[in-house]
$ cat my_file06.cif   # mmCIF, C-alpha atoms
data_coords
loop_
_atom_site.label_atom_id
_atom_site.label_comp_id
_atom_site.auth_asym_id
_atom_site.auth_seq_id
_atom_site.Cartn_x
_atom_site.Cartn_y
_atom_site.Cartn_z
CA MET U 123 103.02 112.82 83.23
CA THR U 124 103.81 110.83 80.09
CA ASP U 125 103.63 107.06 79.80
CA SER U 126 107.41 106.72 79.62
CA GLN U 127 107.88 108.68 82.84
CA TYR U 128 105.18 106.55 84.44
CA ASP U 129 107.00 103.36 83.35
CA SER U 130 110.27 104.34 84.95
CA THR U 131 108.87 105.41 88.30
CA ASN U 132 106.51 102.55 89.20
CA ASP U 133 107.74 99.12 90.25
CA PRO U 134 104.26 97.54 90.45
CA LYS U 135 103.91 98.03 86.72
CA SER U 136 106.60 95.45 86.00
CA GLY U 137 104.63 93.00 88.18
CA ASP U 138 101.53 93.88 86.20
CA ARG U 139 103.41 93.27 82.97
CA ARG U 140 104.48 89.80 84.17
CA ASN U 141 100.88 89.00 85.17
CA PHE U 142 99.54 90.16 81.81
CA ILE U 143 102.14 88.15 79.89
CA PHE U 144 101.18 85.07 81.92
CA GLY U 145 97.50 85.81 81.26
CA ALA U 146 98.16 86.26 77.53
CA LEU U 147 99.96 82.89 77.44
CA LEU U 148 97.02 81.23 79.17
CA LEU U 149 94.65 82.94 76.74
CA LEU U 150 96.71 81.61 73.81
CA LEU U 151 96.51 78.10 75.29
CA VAL U 152 92.72 78.47 75.72
CA CYS U 153 92.46 79.51 72.05
CA GLY U 154 94.76 76.59 71.13
CA THR U 155 92.38 74.08 72.74
CA TRP U 156 89.47 75.67 70.88
CA ILE U 157 91.32 75.49 67.57
CA TYR U 158 92.01 71.81 68.30
CA ALA U 159 88.32 71.31 69.07
CA LEU U 160 87.23 72.97 65.85
CA THR U 161 89.76 71.45 63.46
CA ILE U 162 91.53 68.32 64.74
CA ALA U 163 89.12 66.64 67.18
CA PRO U 164 87.30 63.67 65.60
CA SER U 165 83.57 63.73 64.89
CA GLU U 166 81.24 62.15 67.40
CA GLU U 167 79.33 59.01 66.43
CA HIS U 168 75.81 60.18 67.38
CA GLN U 169 75.91 63.98 67.26
CA GLY U 170 78.34 64.49 64.39
CA GLU U 171 80.03 67.89 64.37
CA VAL U 172 77.82 69.89 66.73
CA TYR U 173 79.28 68.07 69.75
CA ARG U 174 82.38 70.30 69.34
CA ILE U 175 80.59 72.84 71.56
CA LEU U 176 81.46 70.39 74.37
CA TYR U 177 85.06 71.69 74.44
CA LEU U 178 83.73 75.13 75.41
CA HIS U 179 80.57 74.26 77.34
CA VAL U 180 82.05 71.77 79.83
CA PRO U 181 85.19 73.80 80.76
CA ALA U 182 82.99 76.92 81.18
CA ALA U 183 80.68 74.98 83.53
CA PHE U 184 83.61 73.68 85.58
CA SER U 185 85.06 77.21 85.75
CA ALA U 186 81.72 78.43 87.15
CA PHE U 187 81.88 75.64 89.76
CA PHE U 188 85.51 76.46 90.53
CA ALA U 189 84.56 80.10 91.17
CA ALA U 190 81.96 78.83 93.66
CA PHE U 191 84.69 76.77 95.36
CA VAL U 192 86.93 79.85 95.62
CA MET U 193 83.95 81.73 97.09
CA LEU U 194 83.51 78.94 99.65
CA ILE U 195 87.15 79.20 100.78
CA PHE U 196 87.00 82.99 101.16
CA SER U 197 83.53 82.85 102.74
CA ILE U 198 84.85 80.54 105.46
CA GLN U 199 87.81 82.88 105.89
CA GLY U 200 85.43 85.85 106.06
CA LEU U 201 83.31 84.22 108.75
CA ALA U 202 86.33 83.05 110.74
CA ARG U 203 88.33 86.28 110.65
CA LYS U 204 85.55 88.82 110.04
CA SER U 205 87.89 90.36 107.53
CA GLU U 206 86.68 92.76 104.83
CA ARG U 207 89.66 91.71 102.71
CA SER U 208 88.16 88.26 102.13
CA LEU U 209 85.20 90.02 100.50
CA ILE U 210 87.46 91.30 97.71
CA MET U 211 88.27 87.79 96.51
CA GLN U 212 84.67 86.72 97.10
CA LYS U 213 83.44 89.53 94.87
CA ALA U 214 86.02 88.79 92.16
CA ALA U 215 85.02 85.10 92.24
CA ALA U 216 81.32 86.04 92.04
CA GLU U 217 81.93 88.19 88.96
CA VAL U 218 83.96 85.51 87.17
CA GLY U 219 81.52 82.82 88.32
CA LEU U 220 78.55 84.76 86.95
CA LEU U 221 80.34 85.28 83.65
CA PHE U 222 81.11 81.57 83.23
CA THR U 223 77.65 80.48 84.40
CA LEU U 224 76.05 82.72 81.77
CA LEU U 225 78.49 81.36 79.17
CA THR U 226 77.56 77.80 80.20
CA LEU U 227 73.84 78.57 79.90
CA ALA U 228 74.30 80.31 76.54
CA THR U 229 76.48 77.60 74.98
CA GLY U 230 74.17 74.91 76.39
CA SER U 231 71.22 76.69 74.85
CA ILE U 232 73.00 76.93 71.48
CA TRP U 233 73.86 73.23 71.70
CA GLY U 234 70.30 72.37 72.73
CA LYS U 235 68.63 73.78 69.63
CA PRO U 236 70.13 71.38 67.05
CA THR U 237 70.07 68.37 69.40
CA TRP U 238 66.89 68.82 71.51
CA ASN U 239 65.01 71.15 69.13
CA THR U 240 64.66 73.76 71.85
CA TRP U 241 66.73 76.70 73.08
CA TRP U 242 65.54 76.26 76.64
CA THR U 243 63.58 73.86 78.83
CA TRP U 244 63.01 73.84 82.59
CA ASP U 245 65.06 70.69 82.94
CA ALA U 246 66.63 70.03 86.38
CA ARG U 247 70.22 70.60 85.18
CA LEU U 248 69.34 73.80 83.34
CA THR U 249 67.17 75.12 86.16
CA THR U 250 69.76 74.51 88.89
CA THR U 251 72.43 76.16 86.72
CA PHE U 252 70.09 79.11 86.17
CA ILE U 253 69.67 79.31 89.97
CA LEU U 254 73.49 79.46 90.25
CA ALA U 255 73.50 82.49 87.91
CA LEU U 256 70.78 84.13 90.00
CA LEU U 257 72.74 83.43 93.21
CA TYR U 258 75.91 84.98 91.77
CA ALA U 259 73.95 88.03 90.58
CA GLY U 260 72.18 88.22 93.95
CA TYR U 261 75.53 88.12 95.74
CA LEU U 262 76.81 91.08 93.70
CA VAL U 263 73.62 93.07 94.34
CA LEU U 264 73.76 92.29 98.07
CA HIS U 265 77.44 93.19 98.26
CA ALA U 266 76.82 96.53 96.58
CA GLY U 267 73.73 97.25 98.67
CA LEU U 268 75.03 96.58 102.17
CA SER U 269 77.14 99.04 104.13
CA PRO U 270 80.71 97.98 104.96
CA GLY U 271 81.00 96.25 108.30
CA ARG U 272 80.52 92.99 110.17
CA GLN U 273 76.96 92.54 108.92
CA ARG U 274 78.05 92.65 105.28
CA ILE U 275 80.89 90.21 105.94
CA THR U 276 78.54 87.74 107.62
CA VAL U 277 75.68 88.02 105.12
CA CYS U 278 77.95 87.85 102.04
CA SER U 279 79.99 84.97 103.44
CA VAL U 280 76.86 82.95 104.28
CA LEU U 281 75.56 83.57 100.75
CA GLY U 282 78.97 82.51 99.39
CA ILE U 283 78.58 79.17 101.17
CA ILE U 284 75.00 78.78 99.87
CA ILE U 285 76.28 79.43 96.33
CA PHE U 286 78.76 76.57 96.66
CA ALA U 287 75.99 74.30 98.05
CA ASP U 288 74.23 74.63 94.67
CA VAL U 289 77.20 73.05 92.82
CA PRO U 290 76.71 69.41 93.99
CA ILE U 291 72.96 69.84 93.38
CA ILE U 292 73.71 70.88 89.77
CA TYR U 293 76.07 67.98 89.33
CA LYS U 294 73.73 65.35 90.79
CA SER U 295 70.57 66.84 89.21
CA VAL U 296 70.85 64.55 86.18
CA THR U 297 70.83 61.46 88.39
CA TRP U 298 68.33 62.66 91.02
CA TRP U 299 65.68 63.73 88.50
CA ARG U 300 64.62 62.63 85.03
CA THR U 301 66.17 65.17 82.71
CA LEU U 302 66.65 65.93 79.05
CA HIS U 303 70.30 66.63 79.80
CA GLN U 304 72.57 63.63 79.48
CA PRO U 305 73.88 61.91 82.66
CA PRO U 306 77.48 62.52 83.84
CA SER U 307 80.01 61.27 81.31
CA ILE U 308 83.31 62.51 82.76
CA LEU U 309 83.28 62.08 86.55
CA ARG U 310 81.35 58.87 87.10
CA ARG U 311 81.79 55.45 88.69
CA GLY U 312 83.40 52.96 86.33
CA GLY U 313 85.27 55.65 84.41
CA SER U 314 84.33 58.04 81.66
CA THR U 315 82.06 56.93 78.83
CA MET U 316 83.95 59.16 76.39
CA HIS U 317 86.44 57.95 73.84
CA PRO U 318 90.01 58.84 74.93
CA GLU U 319 90.48 60.88 71.73
CA ILE U 320 87.65 63.14 72.89
CA LEU U 321 88.21 62.90 76.64
CA TRP U 322 91.89 63.85 76.93
CA PRO U 323 91.77 67.07 74.89
CA LEU U 324 88.66 67.97 76.88
CA LEU U 325 90.50 67.44 80.20
CA VAL U 326 93.47 69.48 78.99
CA GLY U 327 91.17 72.29 77.82
CA LEU U 328 89.29 72.15 81.11
CA PHE U 329 92.49 72.44 83.14
CA ILE U 330 93.71 75.40 81.06
CA LEU U 331 90.39 77.26 81.34
CA LEU U 332 90.36 76.63 85.12
CA LEU U 333 93.83 78.19 85.32
CA PHE U 334 92.68 81.12 83.22
CA SER U 335 89.56 81.62 85.35
CA PHE U 336 91.75 81.70 88.49
CA TRP U 337 93.99 84.24 86.78
CA MET U 338 90.86 86.29 85.99
CA MET U 339 89.77 86.21 89.64
CA ARG U 340 93.20 87.20 90.96
CA GLN U 341 93.59 90.08 88.52
CA ARG U 342 90.09 91.37 89.18
CA ALA U 343 90.74 91.14 92.96
CA ARG U 344 93.93 93.13 92.48
CA ASN U 345 92.01 95.79 90.57
CA LEU U 346 89.43 95.95 93.36
CA ARG U 347 92.24 96.47 95.90
CA LEU U 348 93.72 99.25 93.75
CA LEU U 349 90.27 100.83 93.52
CA ASP U 350 90.15 100.81 97.33
CA GLU U 351 93.61 102.33 97.49
CA LEU U 352 92.56 105.01 95.01
CA GLU U 353 89.47 105.86 97.04
CA MET U 354 91.57 106.10 100.21
CA ALA U 355 94.09 108.34 98.44
CA THR U 356 91.29 110.53 97.05
CA PHE U 357 89.78 110.74 100.54
CA ASN U 358 93.11 111.80 102.09
CA ASP U 359 93.86 114.18 99.20
CA SER U 360 90.56 116.00 99.74
CA GLY U 361 91.67 116.72 103.34
CA ASN U 362 88.64 115.09 104.93
CA SER U 363 89.00 114.94 108.70
CA GLU U 364 86.56 112.06 109.17
CA THR U 365 87.96 108.59 109.76
CA PRO U 366 88.27 106.83 106.40
CA THR U 367 87.00 103.30 105.98
CA SER U 368 89.67 100.62 105.98
CA PRO U 369 90.99 99.07 102.74
CA GLY U 370 88.65 96.41 101.42
CA GLU U 371 85.49 97.96 102.82
CA ARG U 372 84.41 99.32 99.47
CA ALA U 373 85.40 96.19 97.56
CA MET N 197 66.81 76.11 61.39
CA SER N 198 65.92 72.47 61.91
CA TYR N 199 67.24 69.87 64.33
CA GLY N 200 68.55 66.34 64.35
CA PRO N 201 70.69 64.57 61.74
CA GLY N 202 71.24 66.63 58.62
CA THR N 203 71.17 69.96 60.45
CA ASP N 204 74.02 72.26 59.45
CA PRO N 205 75.92 72.66 62.76
CA THR N 206 78.21 75.47 61.56
CA PRO N 207 76.14 78.46 62.78
CA TYR N 208 75.67 76.88 66.20
CA ILE N 209 79.34 76.01 66.65
CA ALA N 210 80.47 79.42 65.33
CA GLY N 211 77.99 81.23 67.57
CA ALA N 212 79.06 79.35 70.69
CA TYR N 213 82.78 79.89 70.12
CA ALA N 214 82.30 83.55 69.15
CA LEU N 215 80.53 84.06 72.47
CA GLY N 216 83.32 82.23 74.34
CA ALA N 217 85.98 84.34 72.64
CA LEU N 218 84.06 87.52 73.44
CA VAL N 219 83.93 86.60 77.14
CA VAL N 220 87.56 85.56 77.67
CA VAL N 221 89.22 88.12 75.40
CA GLY N 222 86.84 90.85 76.57
CA PHE N 223 87.56 90.18 80.24
CA PHE N 224 91.31 89.97 79.58
CA LEU N 225 91.37 93.36 77.82
CA TRP N 226 89.04 94.96 80.37
CA VAL N 227 91.25 93.90 83.30
CA ILE N 228 94.38 95.28 81.58
CA ILE N 229 92.76 98.60 80.66
CA GLU N 230 91.24 98.99 84.14
CA ARG N 231 94.62 98.23 85.80
CA LYS N 232 96.46 100.78 83.68
CA SER N 233 93.84 103.40 84.41
CA LEU N 234 93.94 102.71 88.17
CA ARG N 235 97.75 102.79 88.31
CA ARG N 236 97.83 106.06 86.39
CA SER N 237 95.22 107.67 88.67
CA LEU N 238 97.08 106.46 91.78
CA ALA N 239 100.40 107.78 90.47
CA ILE N 240 98.84 111.19 89.82
CA LEU N 241 97.24 111.32 93.27
CA LYS N 242 100.36 110.18 95.13
CA ALA N 243 102.72 112.58 93.36
CA PRO N 244 100.68 115.77 92.78
CA ASP N 245 103.68 118.11 92.93
CA GLN N 246 105.66 116.15 90.37
CA THR N 247 102.62 116.03 88.14
CA GLN N 248 102.23 119.78 88.31
CA GLN N 249 105.94 120.24 87.49
CA ASN N 250 105.60 117.93 84.50
CA ARG N 251 102.53 119.78 83.32
CA GLY N 252 104.44 123.07 83.64
CA ALA N 253 107.41 121.69 81.71
CA SER N 254 105.25 120.46 78.87
CA LYS N 255 103.64 123.89 78.32
#

$ encode --input "my_file06.cif" --output "structure tokens"
Amino acid sequence: MTDSQYDSTNDPKSGDRRNFIFGALLLLLVCGTWIYALTIAPSEEHQGEVYRILYLHVPAAFSAFFAAFVMLIFSIQGLARKSERSLIMQKAAAEVGLLFTLLTLATGSIWGKPTWNTWWTWDARLTTTFILALLYAGYLVLHAGLSPGRQRITVCSVLGIIIFADVPIIYKSVTWWRTLHQPPSILRRGGSTMHPEILWPLLVGLFILLLFSFWMMRQRARNLRLLDELEMATFNDSGNSETPTSPGERA
Amino acid sequence: MSYGPGTDPTPYIAGAYALGALVVVGFFLWVIIERKSLRRSLAILKAPDQTQQNRGASK
């Protein structure tokens, strides 16, 4: 079957094309905010130019937190309905969350060297963020290791809720403990301490990366569903007489 | 590499953004390639007869 024949016989592909065009537009906007950060944004009074990492580091951190929020929603749904389908979105959110948590840690580390003279320190903010990465990785290992069924739904959903519980701890860590990391400068009582010329592009970039991270989760979840469908089709094609597992069980 | 005022920030900024670009562009491309591959495999599995006819016609 050639690609052109495939194009003309599959409706879902036009939906895929729309999704990918939307994703490409979001990606262009993400790149646009980074170009702004690197070329147009003003220098910062104390840190000079290196502060420009902020426009990547902060949105990546919020995207990691957002993935945890999505996990929370689908974990509650999983516990309430005992549905394997909720695990698909949980898994997609865990993958995207892990990716953005690692990006946050890496960019923070790169930023730390010229400003703190160290790549890493066991500071409360850094440690709690590292724990978030471990929790996301642990979730993926647990998901892959457990057999499909009610036990996996319960265990994964409970872990999904625990993952979200780490987010407020990360956020408050800089006020609860003495840390090298600076205190909150965006979401704080009395308004942001940032200059509007720095703050507003940051908020726009943050919003766009949050949208893109949600797009990433949805597309990955769709791929996981297709993978399920493919496994079901392969199972039926092989003429196996045993009862196949329901869609979503191998997510 | 030193730290504090006077440090050249270029390698740090470039490194951070290169990593960010690798993550977002890499994931974007991976999702697209994986989707195309899955759709193609599903189409082949769901229409085996047609596939065989097409293979016969192309020979």

$ residues_around --input "my_file06.cif" --residues "Val218 (chain U)" --least-positions-apart "6" --cutoff "9 Å" --atoms "all atoms listed in the file" --output "number ranges by chain"
U: 185-186, 189, 335-336, 338-339, 342

$ interface_residues --input "my_file06.cif" --of "chain U" --to "chain N" --cutoff "8 Å" --atoms "all atoms listed in the file" --output "VMD selection string"
chain U and resid 123 128 135 142 145 149 156 169 171 to 172 174 to 175 178 221 225 228 to 229 232 to 233 235 to 239 338 341 to 342 345 348 to 349 351 to 352 355 to 356 359

$ residues_around --input "my_file06.cif" --residues "Leu324 (chain U)" --least-positions-apart "5" --cutoff "12 Å" --atoms "only C-alpha atoms" --output "PyMOL selection string"
chain U and resi 152+155-156+158-159+163+173-182+184+307-308+314+316-319+329-331

$ atom_distance --input "my_file06.cif" --atom1 "CA of Ala246 (chain U)" --atom2 "CA of Gln304 (chain U)"
11.1 Å

$ residues_around --input "my_file06.cif" --residues "Phe252 (chain U)" --least-positions-apart "4" --cutoff "12 Å" --atoms "all atoms listed in the file" --output "list in words"
Ala183, Ala186, Leu220, Phe222, Thr223, Leu224, Leu225, Thr226, Leu227, Ala228, Gly230, Ser231, Trp242, Thr243, Trp244, Asp245, Ala246, Arg247, Leu248, Leu256, Leu257, Tyr258, Ala259, Ile285, Asp288, Val289 and Ile292 of chain U

$ residues_around --input "my_file06.cif" --residues "Tyr261 (chain U)" --least-positions-apart "6" --cutoff "10 Å" --atoms "all atoms listed in the file" --output "count of residues only"
13

$ atom_distance --input "my_file06.cif" --atom1 "CA of Pro290 (chain U)" --atom2 "CA of Val192 (chain U)"
14.7 Å
